[in-house]
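Asks: Sending over target26.cif (mmCIF, C-alpha atoms).
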data_model
loop_
_atom_site.group_PDB
_atom_site.id
_atom_site.type_symbol
_atom_site.label_atom_id
_atom_site.label_comp_id
_atom_site.auth_asym_id
_atom_site.auth_seq_id
_atom_site.Cartn_x
_atom_site.Cartn_y
_atom_site.Cartn_z
ATOM 1 C CA MET A 1 -72.707 54.226 -28.896
ATOM 2 C CA LYS A 2 -72.411 50.569 -27.949
ATOM 3 C CA LYS A 3 -70.442 49.874 -31.142
ATOM 4 C CA VAL A 4 -68.044 52.709 -30.346
ATOM 5 C CA MET A 5 -67.448 51.342 -26.851
ATOM 6 C CA THR A 6 -66.839 47.892 -28.263
ATOM 7 C CA VAL A 7 -64.293 49.221 -30.749
ATOM 8 C CA LEU A 8 -62.515 51.219 -28.041
ATOM 9 C CA LEU A 9 -62.408 48.148 -25.799
ATOM 10 C CA CYS A 10 -60.895 46.041 -28.581
ATOM 11 C CA VAL A 11 -58.293 48.704 -29.282
ATOM 12 C CA LEU A 12 -57.448 48.924 -25.590
ATOM 13 C CA LEU A 13 -57.060 45.149 -25.312
ATOM 14 C CA SER A 14 -54.905 45.084 -28.432
ATOM 15 C CA VAL A 15 -52.639 47.824 -27.091
ATOM 16 C CA THR A 16 -52.377 46.061 -23.723
ATOM 17 C CA ALA A 17 -51.460 42.773 -25.396
ATOM 18 C CA THR A 18 -48.866 44.511 -27.541
ATOM 19 C CA ILE A 19 -47.290 46.140 -24.491
ATOM 20 C CA ALA A 20 -47.231 42.798 -22.660
ATOM 21 C CA ILE A 21 -45.557 41.087 -25.613
ATOM 22 C CA LEU A 22 -42.967 43.836 -25.919
ATOM 23 C CA PHE A 23 -42.285 43.660 -22.181
ATOM 24 C CA PHE A 24 -41.861 39.879 -22.300
ATOM 25 C CA VAL A 25 -39.552 40.088 -25.320
ATOM 26 C CA GLY A 26 -37.578 42.751 -23.514
ATOM 27 C CA MET A 27 -37.157 40.458 -20.532
ATOM 28 C CA LEU A 28 -35.895 37.689 -22.811
ATOM 29 C CA ASP A 29 -33.437 40.080 -24.386
ATOM 30 C CA ASN A 30 -32.230 41.119 -20.955
ATOM 31 C CA THR A 31 -31.841 37.469 -19.920
ATOM 32 C CA GLU A 32 -29.835 36.715 -23.041
ATOM 33 C CA GLU A 33 -27.748 39.797 -22.430
ATOM 34 C CA ASN A 34 -27.157 38.714 -18.833
ATOM 35 C CA GLN A 35 -26.155 35.222 -19.934
ATOM 36 C CA THR A 36 -23.885 36.692 -22.570
ATOM 37 C CA GLN A 37 -22.392 38.994 -19.954
ATOM 38 C CA ILE A 38 -21.804 36.055 -17.590
ATOM 39 C CA SER A 39 -20.145 34.120 -20.402
ATOM 40 C CA LYS A 40 -17.945 37.104 -21.205
ATOM 41 C CA ASN A 41 -17.035 37.447 -17.531
ATOM 42 C CA GLU A 42 -16.038 33.784 -17.390
ATOM 43 C CA GLN A 43 -13.903 34.276 -20.479
ATOM 44 C CA LYS A 44 -12.267 37.263 -18.853
ATOM 45 C CA ASN A 45 -11.677 35.183 -15.705
ATOM 46 C CA PRO A 46 -10.689 31.636 -16.812
ATOM 47 C CA GLN A 47 -9.772 30.750 -13.209
ATOM 48 C CA GLN A 48 -13.389 30.932 -12.072
ATOM 49 C CA ALA A 49 -14.106 27.205 -12.510
ATOM 50 C CA GLU A 50 -10.617 26.347 -11.321
ATOM 51 C CA ASN A 51 -11.234 28.285 -8.126
ATOM 52 C CA LYS A 52 -14.353 26.209 -7.518
ATOM 53 C CA PHE A 53 -12.162 23.099 -7.515
ATOM 54 C CA ASN A 54 -9.584 24.760 -5.265
ATOM 55 C CA GLN A 55 -12.321 25.632 -2.786
ATOM 56 C CA LEU A 56 -13.263 21.976 -2.337
ATOM 57 C CA PRO A 57 -11.917 20.245 0.813
ATOM 58 C CA ASP A 58 -8.488 18.628 0.376
ATOM 59 C CA LYS A 59 -10.022 15.214 0.977
ATOM 60 C CA LEU A 60 -12.488 15.666 -1.878
ATOM 61 C CA GLN A 61 -9.825 17.094 -4.191
ATOM 62 C CA ALA A 62 -7.654 14.037 -3.517
ATOM 63 C CA LEU A 63 -10.519 11.661 -4.289
ATOM 64 C CA LEU A 64 -11.269 13.417 -7.574
ATOM 65 C CA ILE A 65 -7.597 13.379 -8.564
ATOM 66 C CA ALA A 66 -7.355 9.682 -7.684
ATOM 67 C CA THR A 67 -10.178 8.837 -10.091
ATOM 68 C CA ALA A 68 -8.077 10.217 -12.949
ATOM 69 C CA ILE A 69 -5.050 7.999 -12.224
ATOM 70 C CA ASP A 70 -6.441 4.838 -10.608
ATOM 71 C CA GLU A 71 -9.808 3.478 -11.731
ATOM 72 C CA ARG A 72 -10.243 1.579 -8.447
ATOM 73 C CA SER A 73 -11.038 4.912 -6.793
ATOM 74 C CA ILE A 74 -14.003 5.710 -9.056
ATOM 75 C CA PRO A 75 -17.188 5.670 -6.925
ATOM 76 C CA PRO A 76 -18.728 3.507 -5.730
ATOM 77 C CA ILE A 77 -15.439 2.380 -4.140
ATOM 78 C CA ASN A 78 -15.196 -1.301 -3.285
ATOM 79 C CA GLY A 79 -12.403 -3.095 -1.431
ATOM 80 C CA VAL A 80 -9.890 -0.243 -1.351
ATOM 81 C CA THR A 81 -9.186 3.000 0.474
ATOM 82 C CA VAL A 82 -7.850 6.174 -1.132
ATOM 83 C CA TYR A 83 -4.957 7.484 0.969
ATOM 84 C CA TYR A 84 -3.517 10.932 0.310
ATOM 85 C CA ASN A 85 -1.254 13.607 1.691
ATOM 86 C CA GLU A 86 -0.004 17.060 0.731
ATOM 87 C CA ASP A 87 3.728 17.729 1.058
ATOM 88 C CA SER A 88 5.158 21.069 -0.076
ATOM 89 C CA ASP A 89 3.742 21.625 -3.569
ATOM 90 C CA TYR A 90 3.088 17.947 -4.143
ATOM 91 C CA THR A 91 0.145 15.595 -3.732
ATOM 92 C CA LEU A 92 0.752 11.920 -2.961
ATOM 93 C CA ILE A 93 -1.956 9.315 -3.503
ATOM 94 C CA ASN A 94 -2.034 5.596 -2.749
ATOM 95 C CA VAL A 95 -5.087 3.440 -3.478
ATOM 96 C CA HIS A 96 -4.673 0.380 -1.267
ATOM 97 C CA SER A 97 -6.699 -2.678 -0.285
ATOM 98 C CA GLY A 98 -4.868 -3.022 3.029
ATOM 99 C CA ALA A 99 -3.156 -6.260 2.001
ATOM 100 C CA GLY A 100 -0.821 -7.649 -0.621
ATOM 101 C CA VAL A 101 1.438 -5.858 -3.074
ATOM 102 C CA GLY A 102 1.002 -3.985 -6.338
ATOM 103 C CA HIS A 103 -0.593 -0.787 -4.999
ATOM 104 C CA PRO A 104 1.192 2.194 -6.626
ATOM 105 C CA ILE A 105 2.042 5.441 -4.870
ATOM 106 C CA TYR A 106 1.475 8.411 -7.172
ATOM 107 C CA LEU A 107 3.271 11.756 -7.060
ATOM 108 C CA LEU A 108 1.502 14.761 -8.589
ATOM 109 C CA THR A 109 1.737 18.527 -8.546
ATOM 110 C CA LYS A 110 -1.009 21.167 -8.692
ATOM 111 C CA LYS A 111 -0.414 24.201 -10.872
ATOM 112 C CA GLU A 112 -2.874 26.854 -11.987
ATOM 113 C CA ASN A 113 -5.811 25.068 -13.619
ATOM 114 C CA VAL A 114 -4.309 21.566 -13.962
ATOM 115 C CA ILE A 115 -2.926 18.709 -11.893
ATOM 116 C CA THR A 116 0.128 17.047 -13.429
ATOM 117 C CA PRO A 117 1.064 13.425 -12.622
ATOM 118 C CA ILE A 118 4.854 13.123 -12.314
ATOM 119 C CA LYS A 119 5.812 9.541 -11.486
ATOM 120 C CA SER A 120 4.766 6.462 -9.562
ATOM 121 C CA VAL A 121 6.377 3.630 -7.619
ATOM 122 C CA VAL A 122 4.960 0.282 -6.497
ATOM 123 C CA TYR A 123 6.045 -2.326 -3.941
ATOM 124 C CA GLN A 124 6.401 -5.825 -5.424
ATOM 125 C CA GLY A 125 7.292 -7.897 -2.385
ATOM 126 C CA VAL A 126 10.663 -9.645 -2.481
ATOM 127 C CA ASP A 127 11.582 -7.662 -5.594
ATOM 128 C CA GLY A 128 11.269 -4.435 -3.644
ATOM 129 C CA TYR A 129 10.032 -1.252 -5.295
ATOM 130 C CA GLU A 130 9.609 -0.819 -9.021
ATOM 131 C CA LYS A 131 8.617 2.103 -11.202
ATOM 132 C CA ALA A 132 4.927 1.968 -12.030
ATOM 133 C CA GLU A 133 3.182 3.140 -15.160
ATOM 134 C CA ILE A 134 1.428 6.475 -14.926
ATOM 135 C CA LYS A 135 -0.165 8.713 -17.532
ATOM 136 C CA THR A 136 1.509 12.103 -17.293
ATOM 137 C CA ASN A 137 -1.161 14.002 -19.233
ATOM 138 C CA PRO A 138 -2.298 17.117 -17.321
ATOM 139 C CA ILE A 139 -5.638 16.701 -15.543
ATOM 140 C CA SER A 140 -8.060 19.623 -15.850
ATOM 141 C CA LYS A 141 -9.390 21.009 -12.567
ATOM 142 C CA ASN A 142 -12.466 22.252 -14.435
ATOM 143 C CA GLU A 143 -13.251 18.751 -15.663
ATOM 144 C CA LEU A 144 -12.757 17.254 -12.213
ATOM 145 C CA TYR A 145 -15.120 19.816 -10.712
ATOM 146 C CA ALA A 146 -17.728 19.119 -13.411
ATOM 147 C CA GLN A 147 -17.278 15.407 -12.735
ATOM 148 C CA TYR A 148 -18.027 16.023 -9.053
ATOM 149 C CA ILE A 149 -21.136 18.122 -9.744
ATOM 150 C CA ALA A 150 -22.483 15.464 -12.122
ATOM 151 C CA ASP A 151 -22.286 12.720 -9.438
ATOM 152 C CA LYS A 152 -22.148 14.724 -6.231
ATOM 153 C CA TYR A 153 -23.899 12.130 -4.054
ATOM 154 C CA LEU A 154 -21.581 9.313 -5.152
ATOM 155 C CA TYR A 155 -18.441 11.333 -4.453
ATOM 156 C CA ASP A 156 -19.685 12.622 -1.109
ATOM 157 C CA THR A 157 -20.441 9.041 -0.086
ATOM 158 C CA ALA A 158 -17.015 7.841 -1.283
ATOM 159 C CA LEU A 159 -15.323 10.247 1.145
ATOM 160 C CA GLU A 160 -15.923 7.588 3.803
ATOM 161 C CA LYS A 161 -13.206 5.570 2.049
ATOM 162 C CA THR A 162 -10.783 8.457 1.617
ATOM 163 C CA GLU A 163 -8.209 9.135 4.349
ATOM 164 C CA GLN A 164 -5.179 11.340 4.870
ATOM 165 C CA ASN A 165 -1.983 9.362 5.509
ATOM 166 C CA LEU A 166 0.821 11.482 6.950
ATOM 167 C CA ASP A 167 3.328 8.713 6.183
ATOM 168 C CA LEU A 168 2.987 9.573 2.501
ATOM 169 C CA THR A 169 5.790 12.122 2.237
ATOM 170 C CA LEU A 170 7.938 13.435 -0.585
ATOM 171 C CA ALA A 171 11.126 12.243 1.143
ATOM 172 C CA ASP A 172 9.760 8.721 1.586
ATOM 173 C CA PHE A 173 8.552 8.611 -2.021
ATOM 174 C CA ASN A 174 11.935 9.755 -3.337
ATOM 175 C CA GLU A 175 13.718 7.098 -1.275
ATOM 176 C CA LYS A 176 11.467 4.363 -2.629
ATOM 177 C CA TYR A 177 11.817 5.674 -6.176
ATOM 178 C CA ALA A 178 15.608 5.874 -5.888
ATOM 179 C CA SER A 179 15.720 2.163 -5.032
ATOM 180 C CA THR A 180 14.342 1.374 -8.508
ATOM 181 C CA TYR A 181 17.368 2.688 -10.378
ATOM 182 C CA SER A 182 19.735 0.335 -12.175
ATOM 183 C CA ASP A 183 21.620 -1.674 -9.576
ATOM 184 C CA ASN A 184 25.098 -0.854 -10.889
ATOM 185 C CA THR A 185 24.517 2.851 -10.282
ATOM 186 C CA ILE A 186 23.894 2.374 -6.557
ATOM 187 C CA ASP A 187 26.595 3.087 -3.988
ATOM 188 C CA THR A 188 26.308 0.119 -1.615
ATOM 189 C CA THR A 189 27.985 2.070 1.187
ATOM 190 C CA LYS A 190 25.031 4.470 1.252
ATOM 191 C CA LEU A 191 22.002 2.212 1.033
ATOM 192 C CA SER A 192 18.674 3.066 2.605
ATOM 193 C CA GLU A 193 16.991 0.669 5.021
ATOM 194 C CA GLU A 194 14.556 -0.421 2.297
ATOM 195 C CA GLN A 195 17.411 -1.096 -0.124
ATOM 196 C CA VAL A 196 19.262 -3.258 2.430
ATOM 197 C CA LYS A 197 16.092 -5.249 3.107
ATOM 198 C CA LYS A 198 15.536 -5.715 -0.617
ATOM 199 C CA TRP A 199 19.090 -7.039 -1.072
ATOM 200 C CA VAL A 200 18.888 -9.414 1.895
ATOM 201 C CA ASN A 201 15.461 -10.604 0.758
ATOM 202 C CA ALA A 202 16.960 -11.479 -2.626
ATOM 203 C CA ILE A 203 19.703 -13.517 -0.922
ATOM 204 C CA MET A 204 17.187 -15.353 1.271
ATOM 205 C CA GLN A 205 14.878 -16.052 -1.648
ATOM 206 C CA ASN A 206 17.789 -17.409 -3.665
ATOM 207 C CA ARG A 207 18.668 -19.788 -0.833
ATOM 208 C CA PHE A 208 15.083 -20.989 -0.566
ATOM 209 C CA GLU A 209 14.892 -21.631 -4.303
ATOM 210 C CA ASN A 210 18.169 -23.552 -4.225
ATOM 211 C CA HIS A 211 17.059 -25.601 -1.199
ATOM 212 C CA VAL A 212 19.870 -24.247 0.938
ATOM 213 C CA LEU A 213 17.291 -23.094 3.464
ATOM 214 C CA LYS A 214 13.862 -24.370 4.347
ATOM 215 C CA GLU A 215 11.467 -21.517 3.678
ATOM 216 C CA PHE A 216 9.955 -19.977 6.791
ATOM 217 C CA PRO A 217 8.222 -16.739 7.806
ATOM 218 C CA TYR A 218 10.940 -14.278 8.734
ATOM 219 C CA THR A 219 11.504 -10.622 9.411
ATOM 220 C CA ILE A 220 14.508 -8.413 8.758
ATOM 221 C CA SER A 221 15.561 -5.729 11.215
ATOM 222 C CA ILE A 222 18.186 -3.153 10.292
ATOM 223 C CA SER A 223 20.648 -1.652 12.772
ATOM 224 C CA LEU A 224 24.297 -0.584 13.112
ATOM 225 C CA ASP A 225 26.901 -2.782 14.795
ATOM 226 C CA GLU A 226 29.724 -1.606 17.067
ATOM 227 C CA ASN A 227 31.797 -0.662 14.003
ATOM 228 C CA ARG A 228 28.962 1.364 12.487
ATOM 229 C CA HIS A 229 28.402 -1.290 9.830
ATOM 230 C CA VAL A 230 24.865 -1.859 8.593
ATOM 231 C CA LYS A 231 23.554 -5.083 10.114
ATOM 232 C CA ALA A 232 20.544 -6.997 8.776
ATOM 233 C CA GLN A 233 19.260 -9.391 11.432
ATOM 234 C CA ILE A 234 17.090 -12.319 10.270
ATOM 235 C CA ASN A 235 14.426 -13.301 12.812
ATOM 236 C CA VAL A 236 11.768 -16.004 12.768
ATOM 237 C CA ALA A 237 8.370 -14.366 12.412
ATOM 238 C CA ASN A 238 6.265 -17.043 14.172
ATOM 239 C CA SER A 239 4.855 -15.703 17.425
ATOM 240 C CA GLU A 240 6.078 -18.695 19.465
ATOM 241 C CA ASP A 241 9.593 -18.130 18.144
ATOM 242 C CA ALA A 242 9.501 -14.353 18.339
ATOM 243 C CA GLY A 243 12.976 -12.917 18.639
ATOM 244 C CA ASP A 244 14.744 -16.108 17.552
ATOM 245 C CA SER A 245 17.596 -15.179 15.236
ATOM 246 C CA VAL A 246 18.762 -17.375 12.392
ATOM 247 C CA GLY A 247 21.714 -15.234 11.433
ATOM 248 C CA TYR A 248 22.563 -11.873 10.007
ATOM 249 C CA PHE A 249 24.322 -10.066 7.168
ATOM 250 C CA LYS A 250 26.465 -6.945 7.286
ATOM 251 C CA ILE A 251 27.715 -4.405 4.791
ATOM 252 C CA ASN A 252 31.423 -3.728 5.269
ATOM 253 C CA ASP A 253 33.463 -0.596 4.538
ATOM 254 C CA LYS A 254 33.770 -1.608 0.882
ATOM 255 C CA GLY A 255 30.018 -1.902 0.463
ATOM 256 C CA GLN A 256 30.174 -5.697 0.231
ATOM 257 C CA LEU A 257 27.434 -7.847 1.711
ATOM 258 C CA VAL A 258 29.094 -10.266 4.132
ATOM 259 C CA GLU A 259 27.989 -13.066 6.446
ATOM 260 C CA PRO A 260 29.834 -14.406 9.513
ATOM 261 C CA VAL A 261 31.235 -17.909 9.069
ATOM 262 C CA LEU A 262 29.950 -20.288 11.731
ATOM 263 C CA GLY A 263 32.762 -21.262 14.124
ATOM 264 C CA ALA A 264 35.258 -18.880 12.528
ATOM 265 C CA ASP A 265 36.377 -15.367 13.318
ATOM 266 C CA TYR A 266 35.865 -13.806 9.923
ATOM 267 C CA ASP A 267 33.107 -12.843 7.507
ATOM 268 C CA GLU A 268 32.478 -14.386 4.115
ATOM 269 C CA VAL A 269 31.784 -12.020 1.214
ATOM 270 C CA ILE A 270 28.397 -12.973 -0.194
ATOM 271 C CA ALA A 271 27.975 -10.265 -2.849
ATOM 272 C CA THR A 272 30.001 -7.314 -4.103
ATOM 273 C CA GLU A 273 27.348 -5.467 -6.132
ATOM 274 C CA TYR A 274 23.891 -4.354 -5.137
ATOM 275 C CA MET A 275 21.250 -7.080 -5.633
ATOM 276 C CA GLN A 276 23.885 -9.627 -6.623
ATOM 277 C CA VAL A 277 23.083 -13.019 -5.064
ATOM 278 C CA GLU A 278 25.459 -15.830 -4.187
ATOM 279 C CA ASN A 279 25.873 -18.913 -6.373
ATOM 280 C CA PHE A 280 25.691 -22.466 -5.047
#
Kindly transcribe the structure held in the file into structure tokens.
Replies:
Amino acid sequence: MKKVMTVLLCVLLSVTATIAILFFVGMLDNTEENQTQISKNEQKNPQQAENKFNQLPDKLQALLIATAIDERSIPPINGVTVYYNEDSDYTLINVHSGAGVGHPIYLLTKKENVITPIKSVVYQGVDGYEKAEIKTNPISKNELYAQYIADKYLYDTALEKTEQNLDLTLADFNEKYASTYSDNTIDTTKLSEEQVKKWVNAIMQNRFENHVLKEFPYTISISLDENRHVKAQINVANSEDAGDSVGYFKINDKGQLVEPVLGADYDEVIATEYMQVENF
């Protein structure tokens, strides 16, 4: 009788173990099926990962985009701030140290699951604005989101050095970019304020280099005279001499850059083409 009970107990344990194994295998199969189903759902909805990027705050999106076009914005960020703004369907980004020149402004557009860099412009001091190099390869939103998840703490911390700048506008960018075109294509009767300053700066720099003027800190203010001519006033920038004028240039009806002759009642034509400088 004892042997029979022992055999029955062994059989019962064997059956129980078999059921447990089958149940466990079934759970694994279900898990694999669920994972397969999730994968199939993602394939059916390719915008799923993209939507995760789109749901991030604008500030974080801008930071992630900046890392793809300017390596100075890759966390941890040191010595620069990432400035951004959204204007219409465009994103503008400027990574700047707060001083000096050579900090490009980037123009990009967001479409579907990619961000596409379009063009870039950079301020180079007395030379004005120049076109800057930019890789125009589309940037994957999925990859940017994965990049964020991989280093979430670093990116969240870097948001302290990411700021919206409402002065970054499409109109302002286009004006700066237009000033980079070949000089002989520019109508000098329709110059922007930045273009006038660039031209006058070139004249002043030429005079300094040719020892016609002693170099000094100066500012240029743009206004219209009584005849609606563009007037570029040259002022000393030193605080003790604030407001002191050392002369001015004007652009006449023909688009020529002219300068009043001291002690005479007429203007001397300094240059007839944009960015042309006088010869001494």
Asks: Starting from the shown file, work through the PyMOL selection byres ((chain A and resi 201) around 10) and note down what comes out as a PDB file with C-alpha atoms, in the frame of the given file.
Replies:
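What ended up in out-v9.pdb:
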ATOM      1  CA  GLY A 125       7.292  -7.897  -2.385  1.00  0.00           C
ATOM      2  CA  VAL A 126      10.663  -9.645  -2.481  1.00  0.00           C
ATOM      3  CA  ASP A 127      11.582  -7.662  -5.594  1.00  0.00           C
ATOM      4  CA  GLY A 128      11.269  -4.435  -3.644  1.00  0.00           C
ATOM      5  CA  GLN A 195      17.411  -1.096  -0.124  1.00  0.00           C
ATOM      6  CA  VAL A 196      19.262  -3.258   2.430  1.00  0.00           C
ATOM      7  CA  LYS A 197      16.092  -5.249   3.107  1.00  0.00           C
ATOM      8  CA  LYS A 198      15.536  -5.715  -0.617  1.00  0.00           C
ATOM      9  CA  TRP A 199      19.090  -7.039  -1.072  1.00  0.00           C
ATOM     10  CA  VAL A 200      18.888  -9.414   1.895  1.00  0.00           C
ATOM     11  CA  ALA A 202      16.960 -11.479  -2.626  1.00  0.00           C
ATOM     12  CA  ILE A 203      19.703 -13.517  -0.922  1.00  0.00           C
ATOM     13  CA  MET A 204      17.187 -15.353   1.271  1.00  0.00           C
ATOM     14  CA  GLN A 205      14.878 -16.052  -1.648  1.00  0.00           C
ATOM     15  CA  ASN A 206      17.789 -17.409  -3.665  1.00  0.00           C
ATOM     16  CA  ARG A 207      18.668 -19.788  -0.833  1.00  0.00           C
ATOM     17  CA  TYR A 218      10.940 -14.278   8.734  1.00  0.00           C
ATOM     18  CA  THR A 219      11.504 -10.622   9.411  1.00  0.00           C
ATOM     19  CA  ILE A 220      14.508  -8.413   8.758  1.00  0.00           C
ATOM     20  CA  ILE A 234      17.090 -12.319  10.270  1.00  0.00           C
ATOM     21  CA  MET A 275      21.250  -7.080  -5.633  1.00  0.00           C
ATOM     22  CA  VAL A 277      23.083 -13.019  -5.064  1.00  0.00           C
TER      23      VAL A 277
END
Asks: Where does the PyMOL selection byres ((chain A and resi 130) around 12) land in this file, that is, which residues does it pick, as number ranges by chain?
Replies: A: 101-105, 119-129, 131-133, 173, 175-182, 195, 198
Asks: Just to confirm, what's the straight-line distance from atom CA of A:Asp167 to atom CA of A:Asp89 in Å (one decimal)?
Replies: 16.2 Å
Asks: Could the residues of stretch 105-197 of chain A that have an atom at most 12 Å from stretch 252-255 of chain A be listed as a Markdown table, each with its closest atom pair and the distance in Å to one decimal, counting all atoms listed in the file and ordered by chain and ascending residue number?
Replies:
| residue | atom | partner | partner_atom | distance |
| --- | --- | --- | --- | --- |
| A:Ile186 | CA | A:Gly255 | CA | 10.3 |
| A:Asp187 | CA | A:Gly255 | CA | 7.5 |
| A:Thr188 | CA | A:Gly255 | CA | 4.7 |
| A:Thr189 | CA | A:Gly255 | CA | 4.5 |
| A:Lys190 | CA | A:Gly255 | CA | 8.1 |
| A:Leu191 | CA | A:Gly255 | CA | 9.0 |
| A:Val196 | CA | A:Gly255 | CA | 11.0 |
Asks: With only C-alpha atoms as the basis for distance, which of A:Glu193, A:Glu215, A:Glu86, A:Glu259 is at the shortest distance from A:Ala271?
Replies: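 Residue with the minimum atom-to-atom distance to A:Ala271: A:Glu259.
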Asks: Pick from A:Thr116, A:Pro75, A:Leu224, A:Leu262: nearest to A:Leu154, with all atoms listed in the file counted?
Replies: A:Pro75
